Every structure is written in structure tokens, then in C-alpha cells.
>>> print(open('run37.cif').read())   # mmCIF, C-alpha atoms
data_target
loop_
_atom_site.label_atom_id
_atom_site.label_comp_id
_atom_site.auth_asym_id
_atom_site.auth_seq_id
_atom_site.Cartn_x
_atom_site.Cartn_y
_atom_site.Cartn_z
CA GLU A 1 43.58 24.85 -22.53
CA VAL A 2 40.83 22.37 -21.72
CA GLU A 3 41.17 20.28 -18.59
CA ALA A 4 40.44 16.60 -19.15
CA LEU A 5 37.63 15.27 -16.94
CA SER A 6 37.02 11.69 -15.91
CA VAL A 7 33.91 9.94 -14.63
CA SER A 8 33.87 6.89 -12.37
CA CYS A 9 30.84 4.62 -12.56
CA VAL A 10 29.97 1.40 -10.74
CA LEU A 11 27.79 -1.20 -12.47
CA SER A 12 26.42 -4.05 -10.40
CA ALA A 13 23.47 -6.39 -10.06
CA HIS A 14 23.60 -5.93 -6.28
CA THR A 15 21.79 -3.26 -4.25
CA CYS A 16 24.77 -1.93 -2.31
CA PHE A 17 24.57 1.83 -2.75
CA GLY A 18 26.33 2.66 0.51
CA MET A 19 29.21 0.34 -0.30
CA PHE A 20 29.55 1.77 -3.81
CA ARG A 21 29.41 5.33 -2.48
CA LEU A 22 32.30 4.55 -0.14
CA LEU A 23 34.23 3.05 -3.06
CA LEU A 24 33.67 6.15 -5.21
CA ASP A 25 34.75 8.36 -2.32
CA GLU A 26 37.99 6.38 -2.13
CA VAL A 27 38.51 6.69 -5.88
CA GLU A 28 37.88 10.44 -5.72
CA ALA A 29 40.34 10.80 -2.83
CA ARG A 30 43.06 9.37 -5.05
CA GLY A 31 42.49 12.10 -7.62
CA THR A 32 44.74 11.67 -10.67
CA LYS A 33 46.85 8.93 -9.10
CA LYS A 34 45.86 6.26 -11.58
CA ALA A 35 48.15 3.60 -10.13
CA ALA A 36 46.57 4.03 -6.68
CA ILE A 37 43.08 3.79 -8.17
CA ALA A 38 44.00 0.68 -10.15
CA ASP A 39 45.49 -0.93 -7.03
CA LEU A 40 42.30 -0.33 -5.05
CA LEU A 41 40.00 -1.61 -7.79
CA TYR A 42 42.16 -4.68 -8.45
CA GLU A 43 42.08 -5.69 -4.79
CA LEU A 44 38.35 -5.10 -4.50
CA LEU A 45 37.43 -6.94 -7.70
CA ALA A 46 39.59 -9.90 -6.67
CA ALA A 47 37.60 -10.29 -3.45
CA PRO A 48 34.27 -12.18 -3.39
CA VAL A 49 31.06 -10.15 -3.16
CA PRO A 50 30.13 -10.07 0.54
CA GLN A 51 26.88 -11.63 1.69
CA PRO A 52 24.12 -9.27 2.90
CA GLY A 53 25.09 -7.84 6.27
CA GLU A 54 28.78 -8.71 5.85
CA ALA A 55 31.86 -6.77 4.68
CA VAL A 56 34.83 -7.36 2.42
CA ALA A 57 38.28 -6.29 3.68
CA VAL A 58 40.71 -4.66 1.26
CA THR A 59 44.40 -3.89 1.89
CA THR A 60 46.38 -1.51 -0.32
CA VAL A 61 49.58 0.50 -0.16
CA SER A 62 48.70 3.96 1.12
CA PHE A 63 48.60 6.67 -1.53
CA ARG A 64 49.05 9.30 1.21
CA GLU A 65 52.08 7.89 3.04
CA PRO A 66 54.57 5.72 1.11
CA GLY A 67 55.42 2.50 2.91
CA VAL A 68 52.19 2.52 4.94
CA VAL A 69 49.41 -0.04 4.39
CA ASP A 70 45.75 1.06 4.31
CA HIS A 71 43.07 -1.33 5.58
CA MET A 72 39.52 -0.70 4.36
CA ALA A 73 36.22 -2.50 4.83
CA PHE A 74 33.35 -2.26 2.35
CA ALA A 75 30.12 -3.37 4.03
CA ARG A 76 27.08 -4.68 2.19
CA PRO A 77 23.75 -3.79 3.82
CA SER A 78 21.51 -6.51 5.24
CA ARG A 79 18.38 -7.42 3.30
CA ASP A 80 16.32 -5.40 5.78
CA ASP A 81 18.39 -2.28 5.12
CA GLU A 82 19.23 -2.45 1.41
CA LEU A 83 16.09 -0.62 0.20
CA PHE A 84 17.04 2.46 2.21
CA ASP A 85 20.80 2.06 2.07
CA HIS A 86 21.14 4.93 -0.43
CA VAL A 87 18.59 7.22 1.23
CA ASP A 88 19.55 10.07 3.57
CA PHE A 89 16.38 11.25 5.33
CA VAL A 90 18.13 13.84 7.51
CA PRO A 91 18.10 16.81 5.05
CA LEU A 92 14.36 16.40 4.40
CA LEU A 93 13.48 15.93 8.07
CA ARG A 94 15.57 18.91 9.13
CA ALA A 95 14.27 21.27 6.46
CA VAL A 96 10.58 20.42 6.34
CA GLU A 97 8.13 20.37 9.24
CA PRO A 98 6.60 16.94 9.97
CA ALA A 99 3.08 18.06 8.99
CA ASP A 100 4.39 19.24 5.61
CA VAL A 101 6.26 15.96 5.10
CA VAL A 102 2.94 14.12 5.48
CA THR A 103 1.23 16.55 3.10
CA LEU A 104 4.03 16.06 0.56
CA PHE A 105 3.60 12.30 0.93
CA ALA A 106 -0.13 12.66 0.19
CA SER A 107 0.59 14.65 -2.99
CA LEU A 108 3.00 11.99 -4.18
CA LEU A 109 0.44 9.26 -3.42
CA VAL A 110 -2.02 10.75 -5.88
CA GLU A 111 0.69 11.51 -8.45
CA ARG A 112 0.75 15.30 -8.49
CA ARG A 113 3.32 17.33 -10.39
CA VAL A 114 5.83 18.07 -7.65
CA VAL A 115 8.81 20.45 -7.79
CA PHE A 116 11.49 20.74 -5.09
CA SER A 117 13.82 23.75 -4.95
CA SER A 118 17.06 24.46 -3.09
CA ASP A 119 20.36 26.30 -3.38
CA SER A 120 22.27 23.07 -2.74
CA LEU A 121 22.59 20.24 -5.25
CA GLY A 122 23.26 17.73 -2.48
CA THR A 123 20.28 18.82 -0.37
CA LEU A 124 18.04 18.82 -3.43
CA SER A 125 19.02 15.32 -4.53
CA ASN A 126 18.80 13.87 -1.00
CA CYS A 127 15.39 15.39 -0.28
CA VAL A 128 13.83 14.25 -3.56
CA ASN A 129 15.13 10.70 -3.06
CA ALA A 130 13.99 10.61 0.56
CA ALA A 131 10.47 11.79 -0.28
CA LEU A 132 10.01 9.14 -2.98
CA SER A 133 11.39 6.45 -0.67
CA LEU A 134 8.45 7.00 1.67
CA LEU A 135 6.16 5.57 -1.03
CA ARG A 136 7.44 2.00 -0.68
CA PRO A 137 6.05 -0.59 -1.36
CA LEU A 138 4.71 1.58 -4.19
CA MET A 139 7.19 3.00 -6.68
CA TRP A 140 6.97 6.25 -8.64
CA GLN A 141 6.16 5.42 -12.27
CA TYR A 142 6.49 8.78 -14.00
CA ILE A 143 9.27 11.24 -14.79
CA PHE A 144 11.81 11.67 -11.99
CA ILE A 145 14.63 14.20 -12.41
CA PRO A 146 16.47 15.01 -9.15
CA VAL A 147 18.06 18.14 -10.66
CA LEU A 148 16.40 19.66 -13.72
CA PRO A 149 18.67 21.99 -15.75
CA GLN A 150 17.36 25.55 -16.07
CA ALA A 151 17.44 25.22 -19.85
CA MET A 152 14.72 22.54 -19.50
CA ILE A 153 12.51 24.49 -17.08
CA SER A 154 9.61 24.53 -19.55
CA PHE A 155 9.29 20.80 -18.82
CA CYS A 156 7.43 21.86 -15.67
CA CYS A 157 4.49 22.73 -17.94
CA SER A 158 4.12 19.06 -18.85
CA PRO A 159 0.60 17.74 -18.20
CA ILE A 160 1.82 14.37 -16.91
CA PRO A 161 2.80 13.70 -13.28
CA PHE A 162 6.46 14.28 -12.45
CA VAL A 163 8.87 14.82 -9.60
CA VAL A 164 11.75 17.19 -10.29
CA GLY A 165 14.24 19.26 -8.37
CA ILE A 166 15.46 22.69 -9.44
CA LEU A 167 18.09 25.05 -8.09
CA ASN A 168 16.78 28.31 -6.66
CA SER A 169 18.63 30.13 -9.42
CA ALA A 170 16.00 28.73 -11.80
CA MET A 171 13.02 29.99 -9.76
CA ASP A 172 12.58 33.21 -11.77
CA ALA A 173 12.39 31.16 -14.95
CA LEU A 174 9.90 28.77 -13.34
CA ARG A 175 7.62 31.61 -12.18
CA LYS A 176 7.24 32.69 -15.81
CA GLN A 177 5.58 29.33 -16.47
CA PRO A 178 1.99 28.40 -15.54
CA ILE A 179 2.58 26.83 -12.13
CA ASP A 180 -0.92 26.95 -10.63
CA GLU A 181 -1.24 23.17 -10.58
CA LEU A 182 2.26 22.44 -9.32
CA VAL A 183 3.10 21.42 -5.78
CA LEU A 184 6.19 23.56 -5.22
CA LEU A 185 8.28 22.96 -2.09
CA ASP A 186 11.12 25.32 -1.15
CA ILE A 187 13.43 23.08 0.87
CA ASP A 188 15.67 25.89 2.12
CA GLN A 189 12.69 27.83 3.49
CA GLY A 190 10.90 24.66 4.55
CA GLU A 191 7.57 25.71 3.08
CA PHE A 192 5.22 25.18 0.16
CA LEU A 193 5.15 28.06 -2.32
CA THR A 194 1.88 26.96 -3.91
CA GLU A 195 -1.46 25.74 -2.61
CA THR A 196 -1.39 22.20 -1.21
CA PRO A 197 -4.66 20.53 -2.27
CA ASP A 198 -3.85 17.29 -0.47
CA GLU A 199 -3.41 18.60 3.07
CA ASP A 200 -6.62 16.85 4.20
CA LEU A 201 -6.49 13.93 1.78
CA ILE A 202 -5.26 11.41 4.34
CA PRO A 203 -7.96 10.65 6.96
CA ALA A 204 -7.27 12.12 10.39
CA LEU A 205 -6.52 8.82 12.16
CA TYR A 206 -3.94 7.75 9.57
CA ARG A 207 -2.49 11.25 9.36
CA GLU A 208 -1.93 11.38 13.13
CA ARG A 209 -0.12 8.04 13.05
CA LEU A 210 2.10 9.18 10.19
CA LEU A 211 2.72 12.50 11.90
CA GLU A 212 3.77 10.76 15.11
CA GLY A 213 6.34 8.64 13.26
CA VAL A 214 7.71 11.59 11.27
CA LYS A 215 7.96 13.76 14.41
CA ALA A 216 10.00 11.07 16.17
CA ALA A 217 12.40 10.75 13.22
CA SER A 218 12.58 14.52 12.78
CA ALA A 219 13.56 15.02 16.42
CA LYS A 220 16.43 12.56 15.97
CA ALA A 221 17.51 14.11 12.65
CA ARG A 222 17.77 17.57 14.18
CA LYS A 223 20.09 16.32 16.91
CA HIS A 224 22.35 14.00 14.92
CA LYS A 225 24.12 13.98 11.55
CA SER A 226 22.45 10.74 10.52
CA LEU A 227 19.73 8.32 11.57
CA THR A 228 20.65 4.93 12.94
CA ARG A 229 19.43 1.84 11.11
CA ASP A 230 16.82 1.27 13.80
CA GLN A 231 15.55 4.83 13.41
CA VAL A 232 15.32 4.45 9.62
CA ARG A 233 13.49 1.15 10.10
CA ALA A 234 11.05 2.81 12.52
CA LEU A 235 10.30 5.59 10.02
CA SER A 236 9.88 3.05 7.23
CA ALA A 237 7.59 0.93 9.41
CA THR A 238 5.36 3.96 10.05
CA PHE A 239 4.63 4.34 6.35
CA ALA A 240 4.52 0.59 5.72
CA SER A 241 1.84 0.30 8.42
CA PHE A 242 -0.17 2.98 6.63
CA PHE A 243 -0.08 1.01 3.38
CA LEU A 244 -0.87 -2.24 5.17
CA SER A 245 -3.95 -0.69 6.78
CA LEU A 246 -5.26 0.54 3.43
CA LEU A 247 -4.14 -2.18 1.03
CA GLY A 248 -3.50 -5.22 3.20
CA ASN A 249 -6.58 -7.13 2.00
CA TRP A 250 -6.10 -6.51 -1.74
CA ARG A 251 -5.64 -10.23 -2.51
CA ALA A 252 -9.24 -10.92 -1.50
CA PHE A 253 -10.39 -8.89 -4.50
CA TYR A 254 -8.14 -10.49 -7.07
CA TYR A 255 -10.12 -13.19 -8.83
CA ASP A 256 -10.38 -14.58 -12.35
CA GLY A 257 -7.15 -12.79 -13.25
CA VAL A 258 -8.58 -9.35 -12.47
CA PHE A 259 -8.34 -6.98 -9.52
CA ASN A 260 -11.84 -5.60 -8.86
CA ILE A 261 -11.39 -2.02 -7.74
CA ASP A 262 -15.05 -1.34 -6.99
CA ASP A 263 -15.46 -4.38 -4.76
CA PHE A 264 -12.27 -3.37 -2.97
CA LEU A 265 -13.54 0.18 -2.43
CA LYS A 266 -16.81 -1.07 -0.94
CA THR A 267 -14.90 -2.52 2.01
CA GLN A 268 -13.24 0.80 2.85
CA PRO A 269 -14.60 3.07 5.60
CA GLN A 270 -16.39 6.10 4.17
CA GLY A 271 -13.67 8.47 5.34
CA ASN A 272 -11.08 6.58 3.27
CA ALA A 273 -13.06 6.64 0.01
CA ARG A 274 -11.43 9.64 -1.69
CA LEU A 275 -7.87 8.63 -0.84
CA VAL A 276 -8.23 4.95 -1.71
CA ASN A 277 -10.11 5.72 -4.93
CA ASP A 278 -7.37 8.10 -6.07
CA MET A 279 -4.68 5.59 -5.10
CA CYS A 280 -6.39 2.75 -6.97
CA GLU A 281 -6.41 4.82 -10.15
CA SER A 282 -2.71 5.64 -9.90
CA GLN A 283 -0.05 3.99 -12.03
CA MET A 284 1.87 3.18 -8.85
CA PHE A 285 -0.96 1.08 -7.46
CA GLN A 286 -1.60 -0.70 -10.76
CA GLN A 287 2.08 -1.62 -11.00
CA PHE A 288 2.00 -2.79 -7.39
CA ILE A 289 -0.89 -5.13 -8.22
CA ALA A 290 0.80 -6.36 -11.41
CA GLN A 291 4.08 -7.10 -9.61
CA ARG A 292 2.37 -8.91 -6.74
CA TYR A 293 0.34 -10.91 -9.23
CA ARG A 294 3.47 -12.05 -11.04
CA ALA A 295 5.13 -12.88 -7.73
CA THR A 296 2.22 -15.11 -6.66
CA ALA A 297 1.33 -16.54 -10.07
CA THR A 298 2.73 -19.92 -9.07
CA ALA A 299 0.40 -20.12 -6.08
CA PRO A 300 -3.15 -19.92 -7.49
CA ALA A 301 -4.66 -21.38 -4.35
CA SER A 302 -3.82 -18.17 -2.50
CA ARG A 303 -6.08 -16.10 -4.77
CA PRO A 304 -9.87 -16.34 -4.78
CA THR A 305 -11.44 -17.37 -8.06
CA SER A 306 -14.75 -15.68 -7.29
CA PRO A 307 -15.64 -12.34 -5.73
CA PRO A 308 -16.31 -11.94 -2.00
CA THR A 309 -20.00 -11.68 -1.17
CA HIS A 310 -21.23 -8.32 0.04
CA GLY A 311 -24.01 -5.89 -0.74
CA GLY A 312 -24.03 -2.75 -2.84
CA GLY A 313 -23.98 -1.98 -6.51
CA SER A 314 -21.09 -1.09 -8.76
CA HIS A 315 -19.74 2.25 -9.91
CA ASP A 316 -19.51 3.27 -13.52
CA GLY A 317 -15.95 2.80 -14.64
CA GLY A 318 -13.82 4.96 -16.83
CA GLY A 319 -11.47 3.98 -19.58
CA GLY A 320 -7.80 3.08 -19.41
CA ALA A 321 -6.31 0.45 -17.19
CA CYS A 322 -9.31 0.40 -14.88
CA GLY A 323 -11.55 -1.02 -17.56
CA GLY A 324 -14.67 0.15 -19.32
CA GLY A 325 -18.27 0.39 -18.14
CA GLY A 326 -19.57 -1.51 -15.14
CA ALA A 327 -17.32 -2.53 -12.26
CA ARG A 328 -13.84 -1.06 -12.52
CA THR A 329 -11.05 -3.59 -12.73
CA THR A 330 -7.39 -3.72 -13.51
CA THR A 331 -5.66 -6.62 -15.23
CA PRO A 332 -1.90 -7.15 -14.96
CA PRO A 333 0.05 -6.92 -18.22
#
>>> encode(input="run37.cif", output="C-alpha cells")
Amino acid sequence: EVEALSVSCVLSAHTCFGMFRLLLDEVEARGTKKAAIADLLYELLAAPVPQPGEAVAVTTVSFREPGVVDHMAFARPSRDDELFDHVDFVPLLRAVEPADVVTLFASLLVERRVVFSSDSLGTLSNCVNAALSLLRPLMWQYIFIPVLPQAMISFCCSPIPFVVGILNSAMDALRKQPIDELVLLDIDQGEFLTETPDEDLIPALYRERLLEGVKAASAKARKHKSLTRDQVRALSATFASFFLSLLGNWRAFYYDGVFNIDDFLKTQPQGNARLVNDMCESQMFQQFIAQRYRATATAPASRPTSPPTHGGGSHDGGGGACGGGGARTTTPP
């Protein structure tokens, strides 16, 4: 006898992951009581979508106690919180030491092939999502599989960048693959199982600032079940400040419809050269430039039409999105 399974899915144009998670929890709590589920969904769908930072109240007949009325509130995050509304940083901050969180961040910045492992599906999914969330305003552009089935473990031999999670039960199968170039993080043990080539990639001054912010959040995460909104904002601001310091003047090097990578690199302190060069060649950075270009396309006066004046020659460029010979550039699609 085969037990029938059902799947509940929420489709929406709104970024309200926390609200939808609460809704799915309520649906799951009702189990096979289809009438109770229909009652809840009818009441919720009949209500207007709440504005950011507000909540919608729903009243239904209790499915637990006949004759009792249940009152529920589904809150929509504010615009400041919606990007991290679905992210739980606590599992990552509890499991991984702050210095290793910063090293992991560096590996993601330069688009390594990164594998997370854990015994717990929930921990695995939360940690992978939290790590990628630290990249904002950049966004991971390659393969992202929070939980990779063991039957697909050979995917970890792929030559392209990826971020995947695997259960520890698949570790023996993974070790049979060539994993020398993988960044492999065991979440349960809180340690890297492979060499970490990016430990010193971020210059010392920036690394110390990031480490300070991660330590503060980690201390809170180890004492409480969740981070407050202010604590999440503080952690986010730590990484946003890092990106602002490195990329904040990018618009000054966007002229004649092209972002000039070499001119941009010439303005960077010598200690930043390796990191910024690797970041500029990443798909994440090129998409960042393309998106910002489209967002400001209606305001041409805000973009220079000629390059800034400064000394120095140009580097020889490679192929691909950074252009051919001469000064390296990237042009939005």
C-alpha cells in the first residue's frame, strides 16, 4: 500500500519568506484536515497583502478545539529586512569559528567550488543560504544546490564554480572523487577538510573589520536561538561596508557604455590588487555592474563620458567578458 503524499507551495511576487514559512507551518499543522486548510487559505487570500512592515490578521475556527476561534497574524518584513527575512545565520555562526566564516566568504568572493557537509538537512540548508547571503550586494551566479543527492555526487568534479551541500553519509562517495581543488567545509565539526587557499586573500585591515563584526554576531548566536533584526542588520552592515570600501567608486570608471577594469584597479591600494582583480573578473561582479547600469540608464548625467585622468599604463586583457587586448573592460548585456 502506497501512502499518498501532498506538497504545499506558495507562489508570490512579494519577498515575504518569513510570512510564507509561517503559513506553511500552519498548513502542515493541520495535516490531512483539508477543510481546516481550505478555511485558513480562504481567509488569508481574501485579505489584502500587507504593506512592508505590517501584518494581516486572520481568524479561523480552531482545528484543535471545536468551538474555539484561532487568531493569527502574518507579518510582512519591512523593506530593510526583506533581503534577510528567509536567512537564519545562527546555525552557521554557532558551528563555524568567525575566522573560518571570513575565509569561507573570501572563497565565495572569488567563485571557488565550495561544498558544505552535515548530518542535518536543516543545518545544511540554513548554513549554505546564510553563507551566500553574506555576498550581497553581489549574487552568486553559478550552480547552487543546498542539498545534493548522493546519486549526483560526481557533479562535484565539475570544472565550473558551484556551491553545494551534501549529507555526511555521502562523504565516502565524495572522497572517491578528485577533490583537491574543492573548498570542503564540515559544518558539524566546524572545520575545513581541504586546504583553504583564500585565507589571506582579504587584506588584513578589511579582514579585521569583518572578523570583528562576525565575532559580535557569533557571540549573540551562541547565547540565543535567533538574532534580532538589529543584530542581523549589524552583521549585514559589516559586509556591506566591506563592499562599499572596495567598490564604492565604481561609477567613476563607467564611461562610454563600458566599465574600465584596469583604470578602476589603478586606484586600488597595492595590498588590495589581488582581491579586487579576482573580484572584477568574477561573474558576480560583472552582473553587479550590468544591473547597476540598467538601474541608472535613465540618468546619464551621473556617469562620466570620459575616463578619469591618472598616470600609469594599461594591463593586457584576456578574452571573455573583460574584453580583448589592451585595457580590460566589461560591457553590460
>>> closest_residue(input="run37.cif", among="A:Gly18, A:Pro161, A:Pro50, A:Gly67", to="Asp81 in chain A", atoms="all atoms listed in the file")
A:Gly18
>>> residues_around(input="run37.cif", residues="Pro77 in chain A", least_positions_apart="3", cutoff="7 Å", atoms="all atoms listed in the file", output="PyMOL selection string")
chain A and resi 16+52-53+81-82+85
>>> atom_distance(input="run37.cif", atom1="CA of Thr103 in chain A", atom2="CA of Val147 in chain A")
21.8 Å
>>> resolve_selection(input="run37.cif", expression="the PyMOL selection byres ((chain A and resi 194) around 8)", output="PyMOL selection string")
chain A and resi 180+182-185+192-193+195-196
>>> write_last_selection(input="run37.cif", atoms="C-alpha atoms", output="tab-separated table (two decimals), keeping the file's coordinate frame")
chain	number	residue	atom	x	y	z
A	180	ASP	CA	-0.92	26.95	-10.63
A	182	LEU	CA	2.26	22.44	-9.32
A	183	VAL	CA	3.10	21.42	-5.78
A	184	LEU	CA	6.19	23.56	-5.22
A	185	LEU	CA	8.28	22.96	-2.09
A	192	PHE	CA	5.22	25.18	0.16
A	193	LEU	CA	5.15	28.06	-2.32
A	195	GLU	CA	-1.46	25.74	-2.61
A	196	THR	CA	-1.39	22.20	-1.21
>>> atom_distance(input="run37.cif", atom1="CA of Leu275 in chain A", atom2="CA of Ile179 in chain A")
23.8 Å
>>> residues_near_point(input="run37.cif", point="(10.9, 24.7, 1.1)", cutoff="8 Å", atoms="all atoms listed in the file", output="list in words")
Ala95, Val96, Phe116, Ser117, Ser118, Leu184, Leu185, Asp186, Ile187, Asp188, Gln189, Gly190, Glu191, Phe192 and Leu193 of chain A
>>> write_last_selection(input="run37.cif", atoms="C-alpha atoms", output="compact mmCIF listing (two decimals), in the frame of the given file")
# COMPACT_ATOMS: atom_id res chain seq x y z
CA ALA A 95 14.27 21.27 6.46
CA VAL A 96 10.58 20.42 6.34
CA PHE A 116 11.49 20.74 -5.09
CA SER A 117 13.82 23.75 -4.95
CA SER A 118 17.06 24.46 -3.09
CA LEU A 184 6.19 23.56 -5.22
CA LEU A 185 8.28 22.96 -2.09
CA ASP A 186 11.12 25.32 -1.15
CA ILE A 187 13.43 23.08 0.87
CA ASP A 188 15.67 25.89 2.12
CA GLN A 189 12.69 27.83 3.49
CA GLY A 190 10.90 24.66 4.55
CA GLU A 191 7.57 25.71 3.08
CA PHE A 192 5.22 25.18 0.16
CA LEU A 193 5.15 28.06 -2.32
>>> axis_aligned_box(input="run37.cif", around="range 93-98 of chain A", padding_each_side="3 Å", output="lines of an AutoDock Vina configuration file")
center_x = 11.1
center_y = 18.6
center_z = 8.2
size_x = 15.0
size_y = 11.3
size_z = 9.6
>>> atom_distance(input="run37.cif", atom1="CA of Ala234 in chain A", atom2="CA of Lys220 in chain A")
11.7 Å
>>> residues_near_point(input="run37.cif", point="(48.7, 7.9, -1.1)", cutoff="12 Å", atoms="only C-alpha atoms", output="NGL selection string")
:A and (26-27 or 29-37 or 39-40 or 60-70)
>>> resolve_selection(input="run37.cif", expression="the PyMOL selection byres ((chain A and resi 119) around 7)", output="JSON, numbers by chain")
{"A": [118, 120, 121, 167, 168]}
>>> closest_residue(input="run37.cif", among="A:Ala38, A:Leu108, A:Leu124, A:Leu23", to="Phe74 in chain A", atoms="all atoms listed in the file")
A:Leu23
>>> residues_around(input="run37.cif", residues="Glu54 in chain A", least_positions_apart="3", cutoff="7 Å", atoms="only C-alpha atoms", output="number ranges by chain")
A: 50-51, 75-76
